[in-house]
>>> print(open('coords_26.cif').read())   # mmCIF, C-alpha atoms
data_my_file
#
loop_
_atom_site.group_PDB
_atom_site.id
_atom_site.type_symbol
_atom_site.label_atom_id
_atom_site.label_comp_id
_atom_site.auth_asym_id
_atom_site.auth_seq_id
_atom_site.Cartn_x
_atom_site.Cartn_y
_atom_site.Cartn_z
ATOM 1 C CA MET A 87 98.138 108.947 148.237
ATOM 2 C CA THR A 88 99.835 105.743 147.111
ATOM 3 C CA LEU A 89 97.501 103.700 149.301
ATOM 4 C CA TYR A 90 94.442 105.398 147.777
ATOM 5 C CA ILE A 91 95.640 104.775 144.223
ATOM 6 C CA GLY A 92 96.344 101.138 145.049
ATOM 7 C CA ARG A 93 92.897 100.673 146.597
ATOM 8 C CA GLU A 94 91.124 102.267 143.624
ATOM 9 C CA ALA A 95 93.200 100.220 141.175
ATOM 10 C CA SER A 96 92.184 97.067 143.016
ATOM 11 C CA LYS A 97 88.500 98.033 142.821
ATOM 12 C CA LEU A 98 88.848 98.798 139.120
ATOM 13 C CA TRP A 99 90.486 95.430 138.467
ATOM 14 C CA LYS A 100 87.755 93.553 140.320
ATOM 15 C CA ARG A 101 85.087 95.513 138.450
ATOM 16 C CA LEU A 102 86.790 94.760 135.123
ATOM 17 C CA CYS A 103 87.016 91.043 135.885
ATOM 18 C CA ALA A 104 83.384 90.822 137.041
ATOM 19 C CA GLU A 105 82.147 92.706 133.986
ATOM 20 C CA THR A 106 84.240 90.570 131.648
ATOM 21 C CA LEU A 107 82.739 87.406 133.099
ATOM 22 C CA THR A 108 79.226 88.809 132.719
ATOM 23 C CA GLU A 109 79.790 89.856 129.123
ATOM 24 C CA ILE A 110 81.374 86.486 128.253
ATOM 25 C CA ASN A 111 78.232 84.731 129.483
ATOM 26 C CA LEU A 112 76.094 87.028 127.337
ATOM 27 C CA LEU A 113 78.425 86.544 124.380
ATOM 28 C CA ALA A 114 78.054 82.771 124.670
ATOM 29 C CA GLU A 115 74.281 83.178 124.263
ATOM 30 C CA ASN A 116 74.274 85.869 121.553
ATOM 31 C CA TRP A 117 77.434 85.300 119.484
ATOM 32 C CA LYS A 118 75.429 84.107 116.474
ATOM 33 C CA TYR A 119 73.615 87.441 116.200
ATOM 34 C CA LEU A 120 76.846 89.425 116.498
ATOM 35 C CA LEU A 121 78.616 87.250 113.938
ATOM 36 C CA ALA A 122 75.730 87.526 111.483
ATOM 37 C CA GLY A 123 75.708 91.316 111.867
ATOM 38 C CA LEU A 124 79.455 91.567 111.302
ATOM 39 C CA ILE A 125 79.328 89.285 108.263
ATOM 40 C CA PHE A 126 76.610 91.451 106.755
ATOM 41 C CA GLN A 127 78.897 94.465 107.049
ATOM 42 C CA TYR A 128 81.136 92.710 104.546
ATOM 43 C CA VAL A 129 78.107 91.854 102.379
ATOM 44 C CA HIS A 130 77.129 95.518 102.397
ATOM 45 C CA GLY A 131 80.641 96.534 101.380
ATOM 46 C CA LEU A 132 80.604 93.922 98.631
ATOM 47 C CA ALA A 133 77.307 95.268 97.296
ATOM 48 C CA ALA A 134 78.665 98.816 97.297
ATOM 49 C CA ARG A 135 81.730 97.626 95.416
ATOM 50 C CA GLY A 136 79.557 95.791 92.894
ATOM 51 C CA VAL A 137 77.458 98.835 92.034
ATOM 52 C CA HIS A 138 80.648 100.747 91.286
ATOM 53 C CA TYR A 139 81.128 98.483 88.250
ATOM 54 C CA LEU A 140 77.724 99.661 87.014
ATOM 55 C CA HIS A 141 78.378 103.350 87.629
ATOM 56 C CA ARG A 142 78.457 105.648 84.618
ATOM 57 C CA PRO A 143 79.724 109.191 85.218
ATOM 58 C CA GLY A 144 77.654 112.077 83.950
ATOM 59 C CA PRO A 145 76.731 115.680 84.684
ATOM 60 C CA VAL A 146 76.027 116.398 88.345
ATOM 61 C CA LEU A 147 72.290 116.506 88.920
ATOM 62 C CA GLN A 148 70.479 119.654 90.014
ATOM 63 C CA ASP A 149 70.360 119.686 93.798
ATOM 64 C CA ALA A 150 68.890 122.168 96.271
ATOM 65 C CA GLY A 151 71.597 121.486 98.821
ATOM 66 C CA PHE A 152 74.307 122.268 96.302
ATOM 67 C CA PHE A 153 72.725 125.679 95.722
ATOM 68 C CA LEU A 154 72.362 126.473 99.414
ATOM 69 C CA LEU A 155 75.640 125.094 100.771
ATOM 70 C CA PRO A 156 79.023 126.295 99.500
ATOM 71 C CA GLU A 157 81.288 123.595 98.129
ATOM 72 C CA LEU A 158 84.098 122.698 100.517
ATOM 73 C CA GLY A 159 86.429 121.456 97.803
ATOM 74 C CA GLN A 160 88.676 118.433 97.585
ATOM 75 C CA ASP A 161 91.231 119.841 100.015
ATOM 76 C CA LYS A 162 88.594 120.129 102.779
ATOM 77 C CA ALA A 163 86.667 116.929 102.108
ATOM 78 C CA TYR A 164 88.381 115.362 105.137
ATOM 79 C CA ILE A 165 86.273 117.486 107.519
ATOM 80 C CA SER A 166 83.148 115.351 107.190
ATOM 81 C CA GLU A 167 85.186 112.144 107.527
ATOM 82 C CA THR A 168 86.880 113.505 110.650
ATOM 83 C CA LEU A 169 83.528 114.252 112.279
ATOM 84 C CA PHE A 170 82.173 110.835 111.314
ATOM 85 C CA THR A 171 85.253 109.131 112.780
ATOM 86 C CA PHE A 172 84.784 111.095 116.012
ATOM 87 C CA ILE A 173 81.120 109.990 116.279
ATOM 88 C CA PHE A 174 82.008 106.391 115.441
ATOM 89 C CA LEU A 175 84.840 106.082 117.961
ATOM 90 C CA SER A 176 82.914 107.947 120.666
ATOM 91 C CA PHE A 177 80.041 105.481 120.426
ATOM 92 C CA ILE A 178 82.389 102.497 120.589
ATOM 93 C CA LEU A 179 84.055 103.881 123.706
ATOM 94 C CA TRP A 180 80.675 104.548 125.324
ATOM 95 C CA SER A 181 79.444 101.029 124.555
ATOM 96 C CA PHE A 182 82.401 99.585 126.507
ATOM 97 C CA HIS A 183 82.083 101.915 129.497
ATOM 98 C CA PRO A 184 80.491 99.211 131.732
ATOM 99 C CA PHE A 185 83.924 97.574 131.935
ATOM 100 C CA ILE A 186 85.375 100.652 133.633
ATOM 101 C CA LEU A 187 82.700 102.802 135.248
ATOM 102 C CA LYS A 188 80.802 101.841 138.375
ATOM 103 C CA SER A 189 77.591 103.500 137.195
ATOM 104 C CA LYS A 190 76.256 101.561 134.199
ATOM 105 C CA LYS A 191 72.963 101.042 132.415
ATOM 106 C CA ILE A 192 73.723 98.701 129.514
ATOM 107 C CA TYR A 193 75.360 95.404 128.667
ATOM 108 C CA THR A 194 77.914 95.814 125.881
ATOM 109 C CA VAL A 195 76.994 92.581 124.084
ATOM 110 C CA LEU A 196 73.265 93.277 124.172
ATOM 111 C CA VAL A 197 73.562 96.864 122.991
ATOM 112 C CA TRP A 198 75.681 95.787 120.016
ATOM 113 C CA CYS A 199 73.136 93.104 119.135
ATOM 114 C CA ARG A 200 70.532 95.843 118.825
ATOM 115 C CA VAL A 201 72.852 98.211 116.953
ATOM 116 C CA LEU A 202 73.775 95.550 114.396
ATOM 117 C CA ALA A 203 70.094 94.674 113.935
ATOM 118 C CA PHE A 204 69.355 98.337 113.148
ATOM 119 C CA LEU A 205 72.324 98.579 110.798
ATOM 120 C CA VAL A 206 71.540 95.377 108.901
ATOM 121 C CA ALA A 207 67.890 96.319 108.325
ATOM 122 C CA SER A 208 68.848 99.803 107.117
ATOM 123 C CA GLN A 209 71.627 98.486 104.893
ATOM 124 C CA ILE A 210 69.321 95.926 103.257
ATOM 125 C CA LEU A 211 66.985 98.751 102.277
ATOM 126 C CA ARG A 212 69.963 100.767 101.082
ATOM 127 C CA ILE A 213 71.239 97.962 98.829
ATOM 128 C CA PHE A 214 67.838 97.549 97.170
ATOM 129 C CA THR A 215 67.636 101.314 96.682
ATOM 130 C CA PHE A 216 70.997 102.057 95.083
ATOM 131 C CA TYR A 217 70.792 99.001 92.815
ATOM 132 C CA SER A 218 67.364 100.107 91.592
ATOM 133 C CA THR A 219 68.665 103.326 90.046
ATOM 134 C CA GLN A 220 72.290 104.340 89.508
ATOM 135 C CA LEU A 221 72.770 108.094 89.657
ATOM 136 C CA PRO A 222 75.907 109.873 88.414
ATOM 137 C CA GLY A 223 78.045 110.416 91.494
ATOM 138 C CA PRO A 224 78.575 114.045 92.622
ATOM 139 C CA ASN A 225 81.890 113.299 94.344
ATOM 140 C CA TYR A 226 85.049 114.513 92.647
ATOM 141 C CA HIS A 227 86.440 111.067 91.873
ATOM 142 C CA CYS A 228 83.061 109.982 90.415
ATOM 143 C CA ARG A 229 82.770 112.774 87.831
ATOM 144 C CA GLU A 230 83.535 112.631 84.143
ATOM 145 C CA GLY A 231 87.244 112.630 83.413
ATOM 146 C CA SER A 232 88.245 110.865 86.640
ATOM 147 C CA GLU A 233 90.034 107.522 86.324
ATOM 148 C CA LEU A 234 88.173 106.226 89.359
ATOM 149 C CA ALA A 235 84.708 107.030 88.036
ATOM 150 C CA ARG A 236 84.449 103.718 86.200
ATOM 151 C CA LEU A 237 85.979 100.420 87.231
ATOM 152 C CA PRO A 238 87.455 98.114 84.599
ATOM 153 C CA ARG A 239 85.989 94.671 84.212
ATOM 154 C CA PRO A 240 87.351 92.468 87.031
ATOM 155 C CA ASP A 241 89.859 89.784 86.063
ATOM 156 C CA SER A 242 88.571 87.281 88.616
ATOM 157 C CA VAL A 243 85.959 86.731 91.292
ATOM 158 C CA ILE A 244 88.649 87.118 93.943
ATOM 159 C CA GLU A 245 89.223 90.702 92.834
ATOM 160 C CA VAL A 246 85.561 91.466 93.472
ATOM 161 C CA LEU A 247 85.430 89.634 96.795
ATOM 162 C CA LEU A 248 88.452 91.489 98.167
ATOM 163 C CA ILE A 249 86.611 94.814 97.457
ATOM 164 C CA ASN A 250 89.969 96.623 97.399
ATOM 165 C CA PHE A 251 89.663 97.498 101.107
ATOM 166 C CA PRO A 252 89.983 100.230 102.293
ATOM 167 C CA ARG A 253 90.612 102.198 99.077
ATOM 168 C CA GLY A 254 87.584 100.655 97.383
ATOM 169 C CA MET A 255 85.357 101.816 100.250
ATOM 170 C CA VAL A 256 86.690 105.373 100.306
ATOM 171 C CA TYR A 257 86.600 105.920 96.546
ATOM 172 C CA GLY A 258 83.335 104.155 95.753
ATOM 173 C CA CYS A 259 80.759 105.450 93.296
ATOM 174 C CA GLY A 260 77.127 104.640 92.630
ATOM 175 C CA ASP A 261 76.015 103.693 96.153
ATOM 176 C CA LEU A 262 74.192 106.956 96.760
ATOM 177 C CA ILE A 263 70.636 106.543 98.016
ATOM 178 C CA PHE A 264 70.787 106.578 100.912
ATOM 179 C CA SER A 265 73.890 107.720 102.812
ATOM 180 C CA SER A 266 75.755 104.986 104.689
ATOM 181 C CA HIS A 267 77.474 107.582 106.878
ATOM 182 C CA MET A 268 74.071 108.811 108.031
ATOM 183 C CA ILE A 269 72.904 105.250 108.742
ATOM 184 C CA PHE A 270 75.728 104.728 111.222
ATOM 185 C CA THR A 271 75.439 108.238 112.655
ATOM 186 C CA LEU A 272 71.689 108.065 113.267
ATOM 187 C CA VAL A 273 71.765 104.516 114.646
ATOM 188 C CA PHE A 274 74.437 105.542 117.147
ATOM 189 C CA VAL A 275 72.604 108.737 118.111
ATOM 190 C CA LEU A 276 69.245 106.973 118.531
ATOM 191 C CA THR A 277 70.843 104.230 120.624
ATOM 192 C CA TYR A 278 72.472 106.709 122.955
ATOM 193 C CA GLN A 279 69.250 108.692 123.089
ATOM 194 C CA LYS A 280 67.555 105.642 124.612
ATOM 195 C CA TYR A 281 70.306 104.148 126.752
ATOM 196 C CA GLY A 282 72.583 107.090 127.469
ATOM 197 C CA THR A 283 72.399 108.946 130.768
ATOM 198 C CA LEU A 284 73.850 112.412 130.099
ATOM 199 C CA ARG A 285 71.343 114.870 128.673
ATOM 200 C CA TRP A 286 73.959 117.275 127.308
ATOM 201 C CA ILE A 287 75.604 114.476 125.312
ATOM 202 C CA LYS A 288 72.219 113.523 123.841
ATOM 203 C CA ARG A 289 71.677 117.088 122.681
ATOM 204 C CA LEU A 290 75.233 117.335 121.384
ATOM 205 C CA SER A 291 74.888 114.063 119.452
ATOM 206 C CA TRP A 292 71.802 115.322 117.624
ATOM 207 C CA LEU A 293 73.611 118.560 116.816
ATOM 208 C CA LEU A 294 76.573 116.606 115.440
ATOM 209 C CA ALA A 295 74.213 114.495 113.318
ATOM 210 C CA VAL A 296 72.772 117.663 111.759
ATOM 211 C CA ILE A 297 76.253 119.095 111.164
ATOM 212 C CA GLN A 298 77.321 115.781 109.633
ATOM 213 C CA SER A 299 74.388 115.992 107.219
ATOM 214 C CA PHE A 300 75.401 119.464 106.030
ATOM 215 C CA LEU A 301 79.055 118.488 105.702
ATOM 216 C CA ILE A 302 78.234 115.446 103.558
ATOM 217 C CA VAL A 303 76.309 117.626 101.108
ATOM 218 C CA ALA A 304 78.879 120.426 101.214
ATOM 219 C CA SER A 305 81.634 117.894 100.479
ATOM 220 C CA ARG A 306 79.582 116.718 97.470
ATOM 221 C CA LYS A 307 79.808 113.128 98.647
ATOM 222 C CA HIS A 308 76.051 112.690 98.344
ATOM 223 C CA TYR A 309 73.071 114.457 96.918
ATOM 224 C CA THR A 310 70.716 116.069 99.406
ATOM 225 C CA VAL A 311 68.096 113.395 98.748
ATOM 226 C CA ASP A 312 70.544 110.731 99.985
ATOM 227 C CA VAL A 313 70.748 112.450 103.360
ATOM 228 C CA VAL A 314 67.049 113.303 103.615
ATOM 229 C CA VAL A 315 65.972 109.721 102.855
ATOM 230 C CA ALA A 316 68.433 108.441 105.461
ATOM 231 C CA TRP A 317 66.921 110.671 108.154
ATOM 232 C CA TYR A 318 63.380 109.318 107.946
ATOM 233 C CA THR A 319 64.253 105.760 106.859
ATOM 234 C CA VAL A 320 66.690 105.040 109.690
ATOM 235 C CA ASN A 321 64.401 106.577 112.293
ATOM 236 C CA LEU A 322 61.494 104.407 111.111
ATOM 237 C CA VAL A 323 63.650 101.277 110.956
ATOM 238 C CA VAL A 324 64.946 101.796 114.487
ATOM 239 C CA PHE A 325 61.445 102.539 115.765
ATOM 240 C CA PHE A 326 59.852 99.377 114.362
ATOM 241 C CA ILE A 327 62.723 96.981 115.098
ATOM 242 C CA ASP A 328 63.199 98.346 118.607
ATOM 243 C CA ASN A 329 59.539 97.615 119.326
ATOM 244 C CA LYS A 330 59.904 94.059 118.018
ATOM 245 C CA LEU A 331 63.051 93.204 119.963
ATOM 246 C CA PRO A 332 62.817 92.207 123.648
ATOM 247 C CA GLU A 333 63.599 95.116 125.920
ATOM 248 C CA MET A 334 67.183 95.218 127.149
ATOM 249 C CA PRO A 335 67.478 94.892 130.950
ATOM 250 C CA ASP A 336 68.286 98.066 132.852
ATOM 251 C CA ARG A 337 71.309 97.729 135.124
ATOM 252 C CA THR A 338 70.639 100.717 137.352
ATOM 253 C CA GLY A 339 68.926 98.500 139.933
ATOM 254 C CA GLY A 340 71.688 95.911 140.172
ATOM 255 C CA ALA A 341 73.636 94.042 137.516
ATOM 256 C CA SER A 342 73.415 90.497 138.815
ATOM 257 C CA LEU A 343 69.642 90.573 139.287
ATOM 258 C CA LEU A 344 68.955 91.849 135.782
ATOM 259 C CA LEU A 345 70.868 89.276 133.783
ATOM 260 C CA PRO A 346 68.640 87.269 131.452
ATOM 261 C CA MET A 347 67.882 83.848 132.956
ATOM 262 C CA SER A 348 68.629 80.727 131.004
ATOM 263 C CA THR A 349 65.945 78.086 130.415
ATOM 264 C CA LYS A 350 67.431 75.955 133.167
ATOM 265 C CA ASP A 351 67.238 78.820 135.663
ATOM 266 C CA LYS A 352 63.636 79.576 134.658
ATOM 267 C CA ASP A 353 62.622 75.911 135.126
ATOM 268 C CA SER A 354 64.327 75.815 138.525
ATOM 269 C CA LYS A 355 62.546 79.001 139.610
ATOM 270 C CA THR A 356 59.178 77.663 138.417
ATOM 271 C CA LYS A 357 59.661 74.417 140.360
ATOM 272 C CA GLU A 358 60.569 76.379 143.480
ATOM 273 C CA GLU A 359 57.444 78.525 143.192
ATOM 274 C CA ASN A 360 55.246 75.463 142.661
ATOM 275 C CA HIS A 361 56.810 73.825 145.703
ATOM 276 C CA LYS A 362 56.005 76.865 147.817
ATOM 277 C CA LEU A 363 52.409 76.918 146.608
ATOM 278 C CA LEU A 364 51.941 73.209 147.423
ATOM 279 C CA ASN A 365 53.239 73.805 150.942
ATOM 280 C CA GLY A 366 50.905 76.760 151.394
ATOM 281 C CA ASN A 367 53.691 79.325 151.319
ATOM 282 C CA SER A 368 53.763 81.564 148.272
ATOM 283 C CA GLY A 369 56.701 83.593 149.501
ATOM 284 C CA ASP A 370 54.734 86.802 149.035
ATOM 285 C CA PRO A 371 55.018 89.049 152.143
ATOM 286 C CA ALA A 372 51.457 90.332 151.624
ATOM 287 C CA ASP A 373 50.113 86.769 151.498
ATOM 288 C CA TRP A 374 52.113 85.857 154.594
ATOM 289 C CA TRP A 375 50.636 88.875 156.437
ATOM 290 C CA GLN A 376 47.082 87.903 155.503
ATOM 291 C CA ARG A 377 47.665 84.283 156.555
ATOM 292 C CA ASN A 378 48.896 85.402 159.952
ATOM 293 C CA GLN A 379 45.762 87.511 160.344
ATOM 294 C CA VAL A 380 43.520 84.572 159.596
ATOM 295 C CA ASN A 381 45.443 82.290 161.957
ATOM 296 C CA GLY A 382 45.025 84.744 164.780
ATOM 297 C CA LYS A 383 48.745 85.278 165.220
ATOM 298 C CA THR A 384 48.566 89.007 164.534
ATOM 299 C CA LEU A 385 45.481 91.082 163.881
ATOM 300 C CA GLU A 386 45.473 94.266 161.840
ATOM 301 C CA ASN A 387 45.197 96.438 164.934
ATOM 302 C CA GLY A 388 48.156 94.654 166.523
ATOM 303 C CA ASN A 389 46.101 92.522 168.994
ATOM 304 C CA THR A 390 46.196 88.750 169.247
ATOM 305 C CA GLY A 391 43.201 86.501 169.318
ATOM 306 C CA HIS A 392 41.908 82.929 169.134
ATOM 307 C CA PRO A 393 41.693 81.460 165.603
ATOM 308 C CA ASP A 394 38.024 80.491 166.042
ATOM 309 C CA ALA A 395 37.157 83.933 167.354
ATOM 310 C CA ALA A 396 38.891 85.551 164.426
ATOM 311 C CA MET A 397 37.053 83.342 161.964
ATOM 312 C CA ASN A 398 33.686 84.067 163.612
ATOM 313 C CA GLY A 399 34.329 87.789 163.559
ATOM 314 C CA VAL A 400 34.342 88.093 167.402
#
>>> encode(input="coords_26.cif", output="structure tokens")
Amino acid sequence: MTLYIGREASKLWKRLCAETLTEINLLAENWKYLLAGLIFQYVHGLAARGVHYLHRPGPVLQDAGFFLLPELGQDKAYISETLFTFIFLSFILWSFHPFILKSKKIYTVLVWCRVLAFLVASQILRIFTFYSTQLPGPNYHCREGSELARLPRPDSVIEVLLINFPRGMVYGCGDLIFSSHMIFTLVFVLTYQKYGTLRWIKRLSWLLAVIQSFLIVASRKHYTVDVVVAWYTVNLVVFFIDNKLPEMPDRTGGASLLLPMSTKDKDSKTKEENHKLLNGNSGDPADWWQRNQVNGKTLENGNTGHPDAAMNGV
């Protein structure tokens, strides 16, 4: 038993080291995209903080979802946040599974490049939307009479830039259309839908996304329109951007063969192919078989013959 555990631990360590080296190479080529995506997460938070200064509390607007779904109340508002945290952490763990599991389909760096591209595009649309029209927030801390509904004029630029994290993110007002929670949820679900391997998890993820939508409205954190707009906007954004981005290599056929080649490797491969063509050897087995037939080495029926006879059709 001890010997088996030691052998498996050794395999796991080798797999972890090999995967780390692979991901470091990919990170060296794509770090600019990851950094830009992470920086924009701060920009998005800064924009959400800025619109809070413009927020003016007022009567909660008439909403179909508020009529259909019972209000959870302030004491149960944590339920939607708990589900969102579960979805968020589950996706992060899945994205790093190539470091541990033998069966893998994705590269962690490349999948996060795509995820951040989806998030940034959706968040840009979101910023334009909630700055266009400020609606009175339906959340409890955004209603009339709440001290958090309106922010006092900032004393300095630093106060704005710090965005009062994380309290300023949790108790924000005014950034309604469309739901940021649904942006992250749908991007994660759509990504797993394409690159995940377990069908039951795909179905479960869609179910959780629907439940998350209902909980957001029932918690009165967003109007129903905020969730509905997120559903079709994020799906369209992911669809169009995914078609524009180069397809991510599939690792199921072998990790080392599917790594993107650098320009140097491509030039070396091109020179090698040209060299083979100049020497009359393309390296293609089918071409080699046909050449042998013409040279009389091996005929299709397995017989041998003279080159001249083969050429003359005798």
>>> resolve_selection(input="coords_26.cif", expression="the PyMOL selection byres ((chain A and resi 191-195) around 9)", output="CSV table (one decimal) with C-alpha atoms, in the coordinates of the input")
chain,number,residue,atom,x,y,z
A,108,THR,CA,79.2,88.8,132.7
A,109,GLU,CA,79.8,89.9,129.1
A,110,ILE,CA,81.4,86.5,128.3
A,112,LEU,CA,76.1,87.0,127.3
A,113,LEU,CA,78.4,86.5,124.4
A,116,ASN,CA,74.3,85.9,121.6
A,117,TRP,CA,77.4,85.3,119.5
A,120,LEU,CA,76.8,89.4,116.5
A,181,SER,CA,79.4,101.0,124.6
A,182,PHE,CA,82.4,99.6,126.5
A,183,HIS,CA,82.1,101.9,129.5
A,184,PRO,CA,80.5,99.2,131.7
A,185,PHE,CA,83.9,97.6,131.9
A,189,SER,CA,77.6,103.5,137.2
A,190,LYS,CA,76.3,101.6,134.2
A,196,LEU,CA,73.3,93.3,124.2
A,197,VAL,CA,73.6,96.9,123.0
A,198,TRP,CA,75.7,95.8,120.0
A,199,CYS,CA,73.1,93.1,119.1
A,200,ARG,CA,70.5,95.8,118.8
A,281,TYR,CA,70.3,104.1,126.8
A,282,GLY,CA,72.6,107.1,127.5
A,283,THR,CA,72.4,108.9,130.8
A,334,MET,CA,67.2,95.2,127.1
A,335,PRO,CA,67.5,94.9,131.0
A,336,ASP,CA,68.3,98.1,132.9
A,337,ARG,CA,71.3,97.7,135.1
A,338,THR,CA,70.6,100.7,137.4
A,339,GLY,CA,68.9,98.5,139.9
A,341,ALA,CA,73.6,94.0,137.5
>>> resolve_selection(input="coords_26.cif", expression="the PyMOL selection byres ((chain A and resi 304-311) around 9)", output="MDAnalysis selection string")
chainID A and resid 147 149:152 155:160 162:166 223:226 262:265 299:303 312:316
>>> atom_distance(input="coords_26.cif", atom1="atom CA of A:Leu237", atom2="atom CA of A:Ala134")
12.5 Å
>>> atom_distance(input="coords_26.cif", atom1="atom CA of A:Tyr128", atom2="atom CA of A:Phe170")
19.4 Å
>>> atom_distance(input="coords_26.cif", atom1="atom CA of A:Leu169", atom2="atom CA of A:His267")
10.5 Å
>>> axis_aligned_box(input="coords_26.cif", around="stretch 226-239 of chain A", padding_each_side="4 Å", output="AutoDock Vina command-line options")
--center_x 86.4 --center_y 104.6 --center_z 88.0 --size_x 15.3 --size_y 27.8 --size_z 17.2
>>> closest_residue(input="coords_26.cif", among="A:Leu124, A:Ile249, A:Ile186, A:Val324", to="A:Cys103", atoms="all atoms listed in the file")
A:Ile186
>>> resolve_selection(input="coords_26.cif", expression="the PyMOL selection byres ((chain A and resi 222) around 10)", output="VMD selection string")
chain A and resid 141 to 147 219 to 221 223 to 225 228 to 230 235 259 to 262
>>> closest_residue(input="coords_26.cif", among="A:Leu247, A:Leu107, A:Ala95, A:Leu175", to="A:Val129", atoms="only C-alpha atoms")
A:Leu247
>>> closest_residue(input="coords_26.cif", among="A:Thr215, A:Ser291, A:Gln209, A:Ser266", to="A:Phe126", atoms="all atoms listed in the file")
A:Gln209
>>> closest_residue(input="coords_26.cif", among="A:Ile173, A:Ile213, A:Ala203, A:Val273", to="A:Val137", atoms="all atoms listed in the file")
A:Ile213
>>> closest_residue(input="coords_26.cif", among="A:Ala122, A:Ile327, A:Ile269, A:Val243", to="A:Ser208", atoms="all atoms listed in the file")
A:Ile269
>>> build_atoms(input="coords_26.cif", residues="stretch 202-215 of chain A", atoms="N, CA, C and O atoms", output="PDB file, in the frame of the given file")
ATOM      1  N   LEU A 202      73.567  96.291 115.641  1.00  0.00           N
ATOM      2  CA  LEU A 202      73.775  95.550 114.396  1.00  0.00           C
ATOM      3  C   LEU A 202      72.450  95.199 113.723  1.00  0.00           C
ATOM      4  O   LEU A 202      72.360  95.174 112.495  1.00  0.00           O
ATOM      5  N   ALA A 203      71.418  94.935 114.518  1.00  0.00           N
ATOM      6  CA  ALA A 203      70.094  94.674 113.935  1.00  0.00           C
ATOM      7  C   ALA A 203      69.587  95.909 113.201  1.00  0.00           C
ATOM      8  O   ALA A 203      69.049  95.818 112.084  1.00  0.00           O
ATOM      9  N   PHE A 204      69.762  97.092 113.806  1.00  0.00           N
ATOM     10  CA  PHE A 204      69.355  98.337 113.148  1.00  0.00           C
ATOM     11  C   PHE A 204      70.159  98.575 111.866  1.00  0.00           C
ATOM     12  O   PHE A 204      69.600  98.964 110.827  1.00  0.00           O
ATOM     13  N   LEU A 205      71.461  98.338 111.950  1.00  0.00           N
ATOM     14  CA  LEU A 205      72.324  98.579 110.798  1.00  0.00           C
ATOM     15  C   LEU A 205      71.983  97.636 109.643  1.00  0.00           C
ATOM     16  O   LEU A 205      71.887  98.072 108.484  1.00  0.00           O
ATOM     17  N   VAL A 206      71.809  96.360 109.950  1.00  0.00           N
ATOM     18  CA  VAL A 206      71.540  95.377 108.901  1.00  0.00           C
ATOM     19  C   VAL A 206      70.228  95.696 108.184  1.00  0.00           C
ATOM     20  O   VAL A 206      70.153  95.681 106.946  1.00  0.00           O
ATOM     21  N   ALA A 207      69.183  96.003 108.939  1.00  0.00           N
ATOM     22  CA  ALA A 207      67.890  96.319 108.325  1.00  0.00           C
ATOM     23  C   ALA A 207      67.998  97.557 107.432  1.00  0.00           C
ATOM     24  O   ALA A 207      67.472  97.585 106.316  1.00  0.00           O
ATOM     25  N   SER A 208      68.691  98.576 107.909  1.00  0.00           N
ATOM     26  CA  SER A 208      68.848  99.803 107.117  1.00  0.00           C
ATOM     27  C   SER A 208      69.692  99.552 105.873  1.00  0.00           C
ATOM     28  O   SER A 208      69.402 100.072 104.787  1.00  0.00           O
ATOM     29  N   GLN A 209      70.741  98.752 106.023  1.00  0.00           N
ATOM     30  CA  GLN A 209      71.627  98.486 104.893  1.00  0.00           C
ATOM     31  C   GLN A 209      70.959  97.619 103.833  1.00  0.00           C
ATOM     32  O   GLN A 209      71.249  97.762 102.641  1.00  0.00           O
ATOM     33  N   ILE A 210      70.075  96.721 104.240  1.00  0.00           N
ATOM     34  CA  ILE A 210      69.321  95.926 103.257  1.00  0.00           C
ATOM     35  C   ILE A 210      68.462  96.843 102.392  1.00  0.00           C
ATOM     36  O   ILE A 210      68.428  96.729 101.160  1.00  0.00           O
ATOM     37  N   LEU A 211      67.779  97.783 103.033  1.00  0.00           N
ATOM     38  CA  LEU A 211      66.985  98.751 102.277  1.00  0.00           C
ATOM     39  C   LEU A 211      67.875  99.599 101.377  1.00  0.00           C
ATOM     40  O   LEU A 211      67.510  99.921 100.242  1.00  0.00           O
ATOM     41  N   ARG A 212      69.038  99.945 101.867  1.00  0.00           N
ATOM     42  CA  ARG A 212      69.963 100.767 101.082  1.00  0.00           C
ATOM     43  C   ARG A 212      70.437 100.022  99.832  1.00  0.00           C
ATOM     44  O   ARG A 212      70.514 100.605  98.741  1.00  0.00           O
ATOM     45  N   ILE A 213      70.765  98.744  99.973  1.00  0.00           N
ATOM     46  CA  ILE A 213      71.239  97.962  98.829  1.00  0.00           C
ATOM     47  C   ILE A 213      70.169  97.889  97.746  1.00  0.00           C
ATOM     48  O   ILE A 213      70.449  98.105  96.554  1.00  0.00           O
ATOM     49  N   PHE A 214      68.930  97.597  98.152  1.00  0.00           N
ATOM     50  CA  PHE A 214      67.838  97.549  97.170  1.00  0.00           C
ATOM     51  C   PHE A 214      67.669  98.902  96.477  1.00  0.00           C
ATOM     52  O   PHE A 214      67.367  98.973  95.273  1.00  0.00           O
ATOM     53  N   THR A 215      67.873  99.980  97.234  1.00  0.00           N
ATOM     54  CA  THR A 215      67.636 101.314  96.682  1.00  0.00           C
ATOM     55  C   THR A 215      68.690 101.708  95.660  1.00  0.00           C
ATOM     56  O   THR A 215      68.369 102.140  94.551  1.00  0.00           O
TER      57      THR A 215
END
